[in-house]
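> Pasting final.cif below, which is mmCIF, C-alpha atoms and all ligand atoms.
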```
data_query
#
loop_
_atom_site.label_atom_id
_atom_site.label_comp_id
_atom_site.auth_asym_id
_atom_site.auth_seq_id
_atom_site.Cartn_x
_atom_site.Cartn_y
_atom_site.Cartn_z
CA MET A 501 26.75 32.54 -30.74
CA SER A 502 25.02 32.44 -34.09
CA GLU A 503 21.33 33.09 -34.50
CA CYS A 504 20.86 29.53 -35.62
CA GLN A 505 22.49 28.17 -32.46
CA GLN A 506 20.35 30.46 -30.29
CA LYS A 507 17.23 29.17 -32.00
CA GLU A 508 18.33 25.63 -31.41
CA ILE A 509 18.89 26.34 -27.68
CA HIS A 510 15.40 27.85 -27.39
CA GLN A 511 13.92 24.80 -29.07
CA LEU A 512 15.78 22.50 -26.68
CA GLN A 513 14.60 24.54 -23.69
CA ASP A 514 11.00 24.26 -24.89
CA GLU A 515 11.45 20.53 -25.31
CA ILE A 516 12.80 20.22 -21.76
CA THR A 517 9.83 22.16 -20.38
CA ALA A 518 7.42 19.89 -22.27
CA LEU A 519 9.25 16.77 -21.02
CA LYS A 520 9.16 18.03 -17.43
CA LYS A 521 5.43 18.50 -17.69
CA ARG A 522 4.94 15.05 -19.19
CA LEU A 523 7.04 13.40 -16.51
CA ASP A 524 5.20 15.24 -13.75
CA GLN A 525 1.82 14.18 -15.16
CA SER A 526 2.87 10.55 -15.67
CA GLN A 527 4.24 10.34 -12.16
CA ARG A 528 1.07 11.74 -10.62
CA MET A 529 -1.19 9.54 -12.71
CA THR A 530 0.86 6.43 -11.98
CA ALA A 531 0.89 7.05 -8.24
CA LEU A 532 -2.84 7.80 -8.15
CA GLY A 533 -3.74 4.92 -10.45
CA GLU A 534 -1.73 2.46 -8.38
CA LEU A 535 -3.27 3.66 -5.15
CA VAL A 536 -6.80 3.36 -6.52
CA SER A 537 -6.07 -0.04 -7.99
CA THR A 538 -4.42 -1.40 -4.80
CA THR A 539 -7.13 -0.09 -2.51
CA THR A 540 -9.94 -1.36 -4.70
CA HIS A 541 -8.40 -4.84 -4.95
CA GLU A 542 -7.78 -5.03 -1.23
CA PHE A 543 -11.24 -3.76 -0.42
CA ASN A 544 -12.85 -6.19 -2.78
CA ASN A 545 -11.06 -9.07 -1.07
CA VAL A 546 -12.29 -7.91 2.32
CA LEU A 547 -15.85 -7.55 1.05
CA MET A 548 -15.81 -11.04 -0.43
CA THR A 549 -14.72 -12.42 2.95
CA ILE A 550 -17.48 -10.52 4.74
CA ILE A 551 -20.15 -11.60 2.26
CA ASN A 552 -19.09 -15.25 2.30
CA TYR A 553 -19.00 -15.51 6.09
CA ALA A 554 -22.30 -13.66 6.43
CA LYS A 555 -23.84 -16.21 4.04
CA MET A 556 -22.31 -19.04 6.04
CA GLY A 557 -23.75 -17.63 9.28
CA MET A 558 -27.20 -17.33 7.70
CA ARG A 559 -27.12 -20.90 6.36
CA HIS A 560 -26.02 -22.55 9.59
CA GLU A 561 -27.93 -22.03 12.77
CA ASP A 562 -25.58 -23.72 15.23
CA LYS A 563 -23.81 -21.40 17.61
CA GLU A 564 -20.31 -22.65 16.81
CA THR A 565 -20.52 -21.90 13.07
CA ARG A 566 -22.16 -18.54 13.69
CA ASP A 567 -19.50 -17.55 16.23
CA LYS A 568 -16.81 -18.47 13.73
CA ALA A 569 -18.57 -16.47 10.99
CA PHE A 570 -18.88 -13.42 13.26
CA ALA A 571 -15.21 -13.66 14.24
CA LYS A 572 -14.17 -13.74 10.57
CA ILE A 573 -16.49 -10.85 9.69
CA ASN A 574 -15.12 -8.86 12.61
CA LYS A 575 -11.52 -9.52 11.52
CA ALA A 576 -12.28 -8.57 7.91
CA GLY A 577 -14.03 -5.39 9.09
CA MET A 578 -10.97 -4.43 11.14
CA ARG A 579 -8.79 -4.97 8.11
CA ALA A 580 -11.07 -2.77 5.99
CA SER A 581 -10.71 -0.06 8.59
CA LYS A 582 -6.90 -0.43 8.55
CA ILE A 583 -6.94 0.00 4.77
CA THR A 584 -9.07 3.14 4.88
CA ASN A 585 -6.86 4.51 7.65
CA ALA A 586 -3.75 3.95 5.54
CA VAL A 587 -5.34 5.80 2.62
CA LEU A 588 -6.66 8.56 4.87
CA GLY A 589 -3.18 8.79 6.38
CA MET A 590 -1.85 9.53 2.93
CA ALA A 591 -4.61 12.03 2.24
CA ARG A 592 -4.09 13.83 5.55
CA ASN A 593 -0.38 13.78 5.12
CA ARG A 594 -0.47 16.02 2.06
CA SER A 595 1.88 18.54 3.53
CA GLU A 596 4.56 19.58 1.09
CA HIS A 597 6.77 20.46 4.02
CA PHE A 598 9.40 18.46 5.73
CA GLU A 599 8.45 17.19 9.15
CA LEU A 600 9.80 14.61 11.55
CA THR A 601 8.62 11.31 10.13
CA ASP A 602 8.48 7.79 11.52
CA VAL A 603 9.74 5.59 8.66
CA ALA A 604 8.59 2.37 10.37
CA LYS A 605 5.02 3.72 10.36
CA LEU A 606 5.22 4.47 6.64
CA ILE A 607 6.45 0.91 6.04
CA ASP A 608 3.50 -0.46 8.05
CA GLU A 609 0.98 1.66 6.17
CA SER A 610 2.42 0.57 2.82
CA MET A 611 2.36 -3.08 3.85
CA VAL A 612 -1.29 -2.82 4.92
CA LEU A 613 -2.08 -1.82 1.35
CA LEU A 614 0.09 -4.54 -0.20
CA GLU A 615 -0.36 -7.39 2.30
CA ARG A 616 -2.97 -9.28 0.33
CA GLU A 617 -1.16 -8.74 -2.95
CA MET A 618 2.02 -10.22 -1.48
CA GLN A 619 0.06 -13.26 -0.28
CA LYS A 620 -1.56 -13.66 -3.67
CA TYR A 621 1.83 -13.76 -5.41
CA ARG A 622 3.23 -16.09 -2.71
CA ILE A 623 5.74 -13.60 -1.40
CA SER A 624 6.77 -13.89 2.22
CA VAL A 625 7.82 -10.68 3.86
CA ASP A 626 10.66 -10.60 6.37
CA MET A 627 10.58 -7.34 8.36
CA GLN A 628 13.77 -6.40 10.17
CA ILE A 629 12.81 -3.09 11.70
CA ASP A 630 15.14 -1.46 14.21
CA ASP A 631 14.18 1.41 16.44
CA VAL A 632 15.56 4.38 14.47
CA PRO A 633 15.32 8.15 14.92
CA GLU A 634 12.64 9.98 12.99
CA ILE A 635 13.85 11.56 9.78
CA SER A 636 12.99 14.91 8.28
CA ALA A 637 10.76 14.05 5.35
CA ILE A 638 7.60 14.61 3.36
CA GLY A 639 5.78 11.44 4.43
CA ASN A 640 3.66 10.94 1.32
CA GLN A 641 6.63 11.18 -0.96
CA ILE A 642 8.60 8.60 1.00
CA GLN A 643 5.57 6.32 0.99
CA GLN A 644 5.36 6.71 -2.78
CA VAL A 645 9.02 5.64 -3.05
CA LEU A 646 8.37 2.66 -0.79
CA MET A 647 5.31 1.56 -2.73
CA ASN A 648 7.21 1.65 -6.00
CA LEU A 649 10.16 -0.33 -4.63
CA LEU A 650 7.86 -2.89 -3.01
CA ILE A 651 5.77 -3.28 -6.15
CA ASN A 652 8.90 -3.59 -8.31
CA ALA A 653 10.22 -6.29 -5.98
CA ARG A 654 6.91 -8.14 -6.05
CA GLN A 655 6.76 -7.94 -9.84
CA ALA A 656 10.34 -9.21 -10.08
CA MET A 657 9.37 -12.38 -8.20
CA SER A 658 6.62 -13.62 -10.48
CA GLU A 659 6.99 -17.17 -9.13
CA GLY A 660 6.89 -16.03 -5.50
CA GLY A 661 9.82 -15.65 -3.12
CA GLN A 662 11.05 -13.65 -0.19
CA LEU A 663 11.11 -9.94 0.35
CA VAL A 664 13.30 -8.49 3.08
CA ILE A 665 12.62 -5.01 4.45
CA LYS A 666 15.36 -3.75 6.70
CA LEU A 667 15.36 -0.47 8.61
CA GLN A 668 18.44 0.43 10.60
CA GLN A 669 20.54 3.28 11.82
CA ASN A 670 23.97 3.66 10.23
CA THR A 671 25.94 5.42 12.94
CA ALA A 672 29.12 5.66 10.90
CA ASN A 673 27.38 7.51 8.04
CA HIS A 674 24.87 9.36 10.25
CA THR A 675 22.06 7.98 8.14
CA VAL A 676 18.88 6.00 8.56
CA ASP A 677 19.04 3.19 6.01
CA LEU A 678 16.08 1.39 4.55
CA SER A 679 16.68 -1.54 2.25
CA ILE A 680 14.27 -3.57 0.18
CA ARG A 681 15.70 -6.84 -1.08
CA ASP A 682 14.13 -9.32 -3.42
CA TYR A 683 15.26 -12.71 -4.65
CA GLY A 684 14.05 -12.18 -8.21
CA PRO A 685 16.04 -12.55 -11.44
CA GLY A 686 18.27 -9.50 -10.83
CA ILE A 687 19.15 -6.80 -13.35
CA PRO A 688 21.91 -7.29 -15.95
CA GLN A 689 24.73 -4.73 -15.77
CA ASP A 690 23.95 -3.07 -19.09
CA LYS A 691 20.39 -2.41 -17.91
CA LEU A 692 21.30 -1.43 -14.36
CA ARG A 693 22.57 1.98 -15.40
CA ARG A 694 19.33 2.76 -17.20
CA ILE A 695 16.77 1.86 -14.56
CA PHE A 696 16.63 5.40 -13.13
CA ASP A 697 16.03 6.95 -16.57
CA PRO A 698 12.52 8.35 -16.97
CA TYR A 699 10.33 6.04 -19.09
CA TYR A 700 12.82 3.17 -19.01
CA THR A 701 10.84 -0.01 -18.48
CA THR A 702 11.16 -3.68 -19.40
CA LYS A 703 7.51 -4.33 -18.53
CA SER A 704 5.04 -4.67 -21.38
CA GLY A 705 2.34 -2.69 -19.55
CA PRO A 706 0.38 -2.73 -16.33
CA ASP A 707 -0.06 -6.22 -14.84
CA GLU A 708 -3.41 -7.67 -13.78
CA THR A 709 -3.37 -5.54 -10.64
CA GLY A 710 -2.96 -2.42 -12.81
CA LYS A 711 0.63 -1.73 -11.81
CA GLY A 712 3.95 -1.18 -13.54
CA GLY A 713 5.08 -0.50 -17.05
CA THR A 714 5.31 3.28 -17.21
CA GLY A 715 8.97 3.49 -16.34
CA VAL A 716 8.63 6.57 -14.16
CA GLY A 717 8.76 4.76 -10.83
CA LEU A 718 12.49 4.75 -10.15
CA ALA A 719 13.08 8.15 -11.79
CA THR A 720 10.57 9.57 -9.32
CA CYS A 721 12.12 7.65 -6.41
CA LYS A 722 15.52 9.09 -7.24
CA ASN A 723 14.17 12.65 -7.40
CA ILE A 724 12.32 12.33 -4.14
CA ILE A 725 15.27 10.83 -2.29
CA GLU A 726 17.62 13.48 -3.65
CA ALA A 727 15.19 16.23 -2.62
CA HIS A 728 15.42 14.72 0.87
CA GLY A 729 19.20 15.04 0.78
CA GLY A 730 19.45 11.24 0.69
CA LYS A 731 20.85 8.60 -1.62
CA ILE A 732 19.41 5.63 -3.42
CA ARG A 733 21.68 2.71 -4.11
CA VAL A 734 21.04 -0.48 -6.03
CA GLU A 735 22.97 -3.71 -5.96
CA SER A 736 21.89 -6.50 -8.23
CA SER A 737 23.22 -9.81 -9.48
CA VAL A 738 21.61 -11.82 -12.19
CA GLY A 739 20.04 -14.98 -10.82
CA LYS A 740 20.32 -13.80 -7.23
CA GLY A 741 18.16 -10.72 -6.82
CA THR A 742 18.18 -7.02 -6.21
CA ASN A 743 18.65 -4.80 -3.20
CA PHE A 744 17.65 -1.13 -3.12
CA THR A 745 18.91 0.93 -0.20
CA LEU A 746 17.63 4.37 0.72
CA MET A 747 19.94 6.41 2.90
CA PHE A 748 18.41 9.38 4.73
CA PRO A 749 20.51 11.96 6.55
CA MET A 750 19.85 11.98 10.28
CA GLU A 751 20.36 15.70 10.73
CA VAL A 752 17.29 17.87 10.26
CA GLN A 753 16.73 19.20 6.75
CA LYS A 754 16.70 22.98 6.79
CA SER A 755 15.45 24.10 3.41
CA PRO A 756 12.39 22.34 2.04
CA VAL A 757 12.87 21.27 -1.57
CA PRO A 758 9.64 21.34 -3.57
CA MET A 759 8.76 18.43 -5.81
CA ALA A 760 9.23 20.54 -8.95
CA ARG A 761 12.98 20.57 -8.44
CA GLY A 762 12.95 16.80 -8.22
CA ILE A 763 11.19 16.53 -11.55
CA ALA A 764 13.62 18.95 -13.15
CA GLY A 765 16.36 16.72 -11.80
CA ALA A 766 14.87 13.73 -13.58
CA VAL A 767 14.79 15.55 -16.88
CA SER A 768 18.32 16.81 -16.50
CA GLN A 769 19.50 13.28 -15.99
CA ILE A 770 18.08 12.09 -19.29
CA ASN A 771 21.48 12.72 -20.80
CA ALA A 772 23.49 12.04 -17.70
CA ALA A 773 25.75 9.03 -17.77
CA THR A 774 25.75 6.54 -14.91
CA GLN A 775 28.40 4.02 -14.11
CA ALA A 776 28.09 0.53 -15.50
CA THR A 777 28.89 -1.58 -12.49
CA GLY A 778 27.04 -4.17 -10.47
CA ASN A 779 25.79 -1.44 -8.20
CA VAL A 780 24.76 2.13 -8.74
CA THR A 781 24.42 4.90 -6.18
CA HIS A 782 22.63 8.17 -6.79
N1 LIG B 1 13.49 -5.26 -8.10
C1 LIG B 1 13.71 -5.30 -9.41
N2 LIG B 1 14.15 -6.45 -10.01
C2 LIG B 1 14.38 -6.50 -11.34
N3 LIG B 1 14.24 -5.45 -12.17
C3 LIG B 1 13.83 -4.28 -11.63
C4 LIG B 1 13.54 -4.14 -10.23
N4 LIG B 1 13.17 -2.87 -10.00
C5 LIG B 1 13.21 -2.23 -11.18
N5 LIG B 1 13.59 -3.07 -12.17
C6 LIG B 1 13.76 -2.73 -13.59
O1 LIG B 1 13.80 -1.33 -13.73
C7 LIG B 1 12.79 -0.88 -14.65
C8 LIG B 1 12.33 0.49 -14.26
O2 LIG B 1 11.61 0.45 -13.02
P1 LIG B 1 10.54 1.57 -12.70
O3 LIG B 1 9.97 1.31 -11.37
O4 LIG B 1 11.17 2.89 -12.96
O5 LIG B 1 9.45 1.38 -13.84
P2 LIG B 1 8.35 0.25 -14.01
O6 LIG B 1 8.22 -0.56 -12.77
O7 LIG B 1 8.70 -0.50 -15.25
O8 LIG B 1 7.04 1.11 -14.26
P3 LIG B 1 6.32 2.11 -13.20
O9 LIG B 1 6.65 3.49 -13.67
O10 LIG B 1 4.89 1.82 -13.35
O11 LIG B 1 6.87 1.83 -11.85
C9 LIG B 1 11.73 -1.97 -14.59
O12 LIG B 1 10.93 -2.00 -15.76
C10 LIG B 1 12.60 -3.23 -14.45
O13 LIG B 1 13.13 -3.63 -15.68
MG MG B 2 8.00 0.45 -10.87
#
```
If you convert what's in this file into C-alpha cells, what do you get?
Ligand SMILES: Nc1ncnc2c1ncn2[C@@H]1O[C@H](COP(=O)(O)OP(=O)(O)OP(=O)(O)O)[C@@H](O)[C@H]1O
Ligand SMILES: [Mg+2]

Amino acid sequence: MSECQQKEIHQLQDEITALKKRLDQSQRMTALGELVSTTTHEFNNVLMTIINYAKMGMRHEDKETRDKAFAKINKAGMRASKITNAVLGMARNRSEHFELTDVAKLIDESMVLLEREMQKYRISVDMQIDDVPEISAIGNQIQQVLMNLLINARQAMSEGGQLVIKLQQNTANHTVDLSIRDYGPGIPQDKLRRIFDPYYTTKSGPDETGKGGTGVGLATCKNIIEAHGGKIRVESSVGKGTNFTLMFPMEVQKSPVPMARGIAGAVSQINAATQATGNVTH
C-alpha cells in the first residue's frame, strides 16, 4: 500500500470517528428535545384545564357546577401525575443493561406522553395488545424507538387518520412482534431504501410541537433494534400507508451490546446499499 493510500485511509477513519460523534450527539439531543417538548406541551394542556375549571368553580356557587369543576380538576391532576410517572419511569430506567421488559407497559407509557398530541391531530389509536412474554431489552432505548415510530406516523397523517399498534407473539419465528401502522401517504420505493440512512429526512424542520426533521430517528431505531438482536421491517405503499414492524427474539439476550456499537453500525451503513422494494427489512 502506498503512503498516499495510507494517508487517505487515516483521513477516512478520522472522518468516520467525527461522523459517529455527530450522530451520537444529534440522536441524544433529538431524543431529549422531543421529550422536553412533549412533556411541556402535555403539562401545559393539563394546567390550562385545571386553571379553567378552578375559575369556573370560583365563579359559580351552585353545588352542581362546583362538583363538576372538582371532578375535572381531579381528572386533570391524575393525568398530570401519569405524565410525570412516565417521565420518571424513563429517568429511573436508565440502566444500560438488558433486563426482562414488559413491552405493553412501554407502549402505555409512550401513549400517555402522546395521547393529547394524537387527539390534537385527530388521530384515533387502535391498540391490539396481546399478552406476550417479556423480552430482554434496555427499556429506555425501546421506548425511544417507539416514540420515534409513533411521532413519524402522526406526522405522516397531517390530516388525521388511524394509527394501529399491534403487539403479538410470533410462535413460528420465536419473536415478539410490535407493529405500528399508519394510513398516511406512504413512502415511494426510491425513498424507502434511504429512510434508515442517518440524516435522511423529507421534513423541512421541527413541526409546531418541536418534533421531526433531523433524520436521525430511524437510523437510531435500526441501531437499537439490531443491538437487541431484533429486526425492523417496513412495508409501505403510496396512497395507502406505512407499517413498521419490530421483531424481538424471545430467547434471553446473553451479551449486552452497548449503544456505542449501535451508533457505529449507523455510520457503517452510510455506504451500505439496501434493496429497492416495497418493503425493507433490517
Ligand atoms: N410513517 C411514515 N410515513 C411516511 N414517511 C415516513 C414515515 N416514517 C418515516 N418516514 C420518512 O422517513 C424519513 C426519515 O425518518 P426519521 O424518523 O429517520 O427522520 P425524521 O422524522 O425526518 O426526523 P427525526 O430525526 O427528528 O425523527 C422521514 O423524513 C420521512 O420522509
Ligand atoms: Mg422521525
> Taking all atoms listed in the file into account, report as a PyMOL selection string which residues have an atom no farther than 7 Å from an atom of ligand LIG 1 (chain B).
chain A and resi 530+648-649+652-653+656+682+684-687+695-696+698-703+711-719+741-742
> Could you give me, as a list in words, the residues within 9 Å of Pro633 in chain A, counting all atoms listed in the file and dropping anything in the same chain fewer than 6 positions from it?
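The residues satisfying every condition are Thr601, Asp602, Val603, Gln669, Val676 and Met750 of chain A.
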> Which polymer residues have any atom within 7 Å of an atom of Ile638 in chain A, counting all atoms listed in the file, with same-chain residues fewer than 2 positions away left out, as a list in words?
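Contacts, in chain order: Ser595, Glu596, His597, Phe598, Glu599, Asn640, Gln641 and Ile642 of chain A.
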> Interatomic distance between CA of Thr540 in chain A and CA of Leu588 in chain A?
14.2 Å
> Of the residues A:His728, A:Lys520, A:His674, A:Arg654, which is the one nearest to ligand MG 2 (chain B), using all atoms listed in the file?
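Comparing A:His728, A:Lys520, A:His674, A:Arg654 against ligand MG 2 (chain B), the winner is A:Arg654.
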> From the options A:Glu659, A:Asp707, A:Glu726, A:Asp630, which residue's atoms come nearest to ligand MG 2 (chain B), counting only C-alpha atoms and all ligand atoms?
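Among the listed residues, the smallest separation from ligand MG 2 (chain B) belongs to A:Asp707.
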> How many Å separate CA of Ala569 in chain A from CA of Gly557 in chain A?
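Pair CA of Ala569 in chain A / CA of Gly557 in chain A returns 5.6 Å.
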> For the atom pair CA of Asn723 in chain A and CA of Ser736 in chain A, what is the interatomic distance in Å to one decimal place?
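Interatomic distance here is 20.7 Å.
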> Which is closer to ligand MG 2 (chain B) than all the others in A:Gly639, A:Gly710, A:Pro749, A:Gly730, using all atoms listed in the file?
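Going through A:Gly639, A:Gly710, A:Pro749, A:Gly730 one by one, the smallest distance to ligand MG 2 (chain B) is for A:Gly710.
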> Within 12 Å of Asn552 in chain A, counting all atoms listed in the file, which residues qualify if same-chain residues fewer than 4 places away don't, as a VMD selection string?
chain A and resid 545 to 548 556 to 559 569 to 570 572 to 573 576
> Around (14.8, 2.4, 10.0) in the file's own coordinates, what residues are found within 10 Å if you use all atoms listed in the file, given back as a VMD selection string?
chain A and resid 602 to 605 607 628 to 635 665 to 670 675 to 679 746 to 748
> When distances are computed from only C-alpha atoms, which of A:Ile680, A:Cys721, A:Ile550, A:Ala637 shows the smallest separation from Asp697 in chain A?
A:Cys721
> Could you tell me which of A:Asn673, A:Thr539, A:Asn544, A:Gln511 comes closest to Asn585 in chain A if we count all atoms listed in the file?
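Of A:Asn673, A:Thr539, A:Asn544, A:Gln511, the one nearest Asn585 in chain A, counting all atoms listed in the file, is A:Thr539.
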> Given the choices A:Met611, A:Leu523, A:Ala531, A:Ala571, which gets closest to ligand MG 2 (chain B) if the distance is worked out from all atoms listed in the file?
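The shortest atom-to-atom distance to ligand MG 2 (chain B) comes from A:Ala531.
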> Can you take the partial range 700-718 of chain A, add N, CA and C atoms, and return it as a PDB file, keeping the file's coordinate frame?

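Result file follows (rebuild03.pdb):
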```
ATOM      1  N   TYR A 700      12.160   4.448 -18.731  1.00  0.00           N
ATOM      2  CA  TYR A 700      12.820   3.170 -19.010  1.00  0.00           C
ATOM      3  C   TYR A 700      12.025   2.071 -18.306  1.00  0.00           C
ATOM      4  N   THR A 701      11.556   1.122 -19.076  1.00  0.00           N
ATOM      5  CA  THR A 701      10.840  -0.010 -18.480  1.00  0.00           C
ATOM      6  C   THR A 701      11.086  -1.255 -19.310  1.00  0.00           C
ATOM      7  N   THR A 702      11.075  -2.419 -18.645  1.00  0.00           N
ATOM      8  CA  THR A 702      11.160  -3.680 -19.400  1.00  0.00           C
ATOM      9  C   THR A 702       9.813  -4.389 -19.308  1.00  0.00           C
ATOM     10  N   LYS A 703       8.822  -3.695 -18.687  1.00  0.00           N
ATOM     11  CA  LYS A 703       7.510  -4.330 -18.530  1.00  0.00           C
ATOM     12  C   LYS A 703       6.627  -3.968 -19.725  1.00  0.00           C
ATOM     13  N   SER A 704       5.801  -4.927 -20.153  1.00  0.00           N
ATOM     14  CA  SER A 704       5.040  -4.670 -21.380  1.00  0.00           C
ATOM     15  C   SER A 704       3.812  -3.797 -21.121  1.00  0.00           C
ATOM     16  N   GLY A 705       3.500  -3.534 -19.870  1.00  0.00           N
ATOM     17  CA  GLY A 705       2.340  -2.690 -19.550  1.00  0.00           C
ATOM     18  C   GLY A 705       1.893  -3.054 -18.162  1.00  0.00           C
ATOM     19  N   PRO A 706       0.840  -2.420 -17.674  1.00  0.00           N
ATOM     20  CA  PRO A 706       0.380  -2.730 -16.330  1.00  0.00           C
ATOM     21  C   PRO A 706       0.016  -4.220 -16.194  1.00  0.00           C
ATOM     22  N   ASP A 707       0.310  -4.815 -15.050  1.00  0.00           N
ATOM     23  CA  ASP A 707      -0.060  -6.220 -14.840  1.00  0.00           C
ATOM     24  C   ASP A 707      -1.529  -6.311 -14.444  1.00  0.00           C
ATOM     25  N   GLU A 708      -1.967  -7.511 -14.049  1.00  0.00           N
ATOM     26  CA  GLU A 708      -3.410  -7.670 -13.780  1.00  0.00           C
ATOM     27  C   GLU A 708      -3.879  -6.893 -12.553  1.00  0.00           C
ATOM     28  N   THR A 709      -2.942  -6.385 -11.751  1.00  0.00           N
ATOM     29  CA  THR A 709      -3.370  -5.540 -10.640  1.00  0.00           C
ATOM     30  C   THR A 709      -3.302  -4.054 -11.037  1.00  0.00           C
ATOM     31  N   GLY A 710      -2.976  -3.797 -12.300  1.00  0.00           N
ATOM     32  CA  GLY A 710      -2.960  -2.420 -12.810  1.00  0.00           C
ATOM     33  C   GLY A 710      -1.665  -1.674 -12.519  1.00  0.00           C
ATOM     34  N   LYS A 711      -0.595  -2.430 -12.195  1.00  0.00           N
ATOM     35  CA  LYS A 711       0.630  -1.730 -11.810  1.00  0.00           C
ATOM     36  C   LYS A 711       1.803  -2.016 -12.736  1.00  0.00           C
ATOM     37  N   GLY A 712       2.683  -1.013 -12.832  1.00  0.00           N
ATOM     38  CA  GLY A 712       3.950  -1.180 -13.540  1.00  0.00           C
ATOM     39  C   GLY A 712       3.863  -0.861 -15.018  1.00  0.00           C
ATOM     40  N   GLY A 713       5.024  -0.628 -15.611  1.00  0.00           N
ATOM     41  CA  GLY A 713       5.080  -0.500 -17.050  1.00  0.00           C
ATOM     42  C   GLY A 713       5.191   0.898 -17.590  1.00  0.00           C
ATOM     43  N   THR A 714       5.189   1.909 -16.716  1.00  0.00           N
ATOM     44  CA  THR A 714       5.310   3.280 -17.210  1.00  0.00           C
ATOM     45  C   THR A 714       6.787   3.681 -17.269  1.00  0.00           C
ATOM     46  N   GLY A 715       7.546   3.171 -16.352  1.00  0.00           N
ATOM     47  CA  GLY A 715       8.970   3.490 -16.340  1.00  0.00           C
ATOM     48  C   GLY A 715       9.306   4.789 -15.626  1.00  0.00           C
ATOM     49  N   VAL A 716       8.343   5.331 -14.897  1.00  0.00           N
ATOM     50  CA  VAL A 716       8.630   6.570 -14.160  1.00  0.00           C
ATOM     51  C   VAL A 716       8.907   6.317 -12.681  1.00  0.00           C
ATOM     52  N   GLY A 717       8.648   5.077 -12.248  1.00  0.00           N
ATOM     53  CA  GLY A 717       8.760   4.760 -10.830  1.00  0.00           C
ATOM     54  C   GLY A 717      10.109   5.116 -10.225  1.00  0.00           C
ATOM     55  N   LEU A 718      11.166   4.530 -10.760  1.00  0.00           N
ATOM     56  CA  LEU A 718      12.490   4.750 -10.150  1.00  0.00           C
ATOM     57  C   LEU A 718      13.018   6.162 -10.398  1.00  0.00           C
TER      58      LEU A 718
END
```
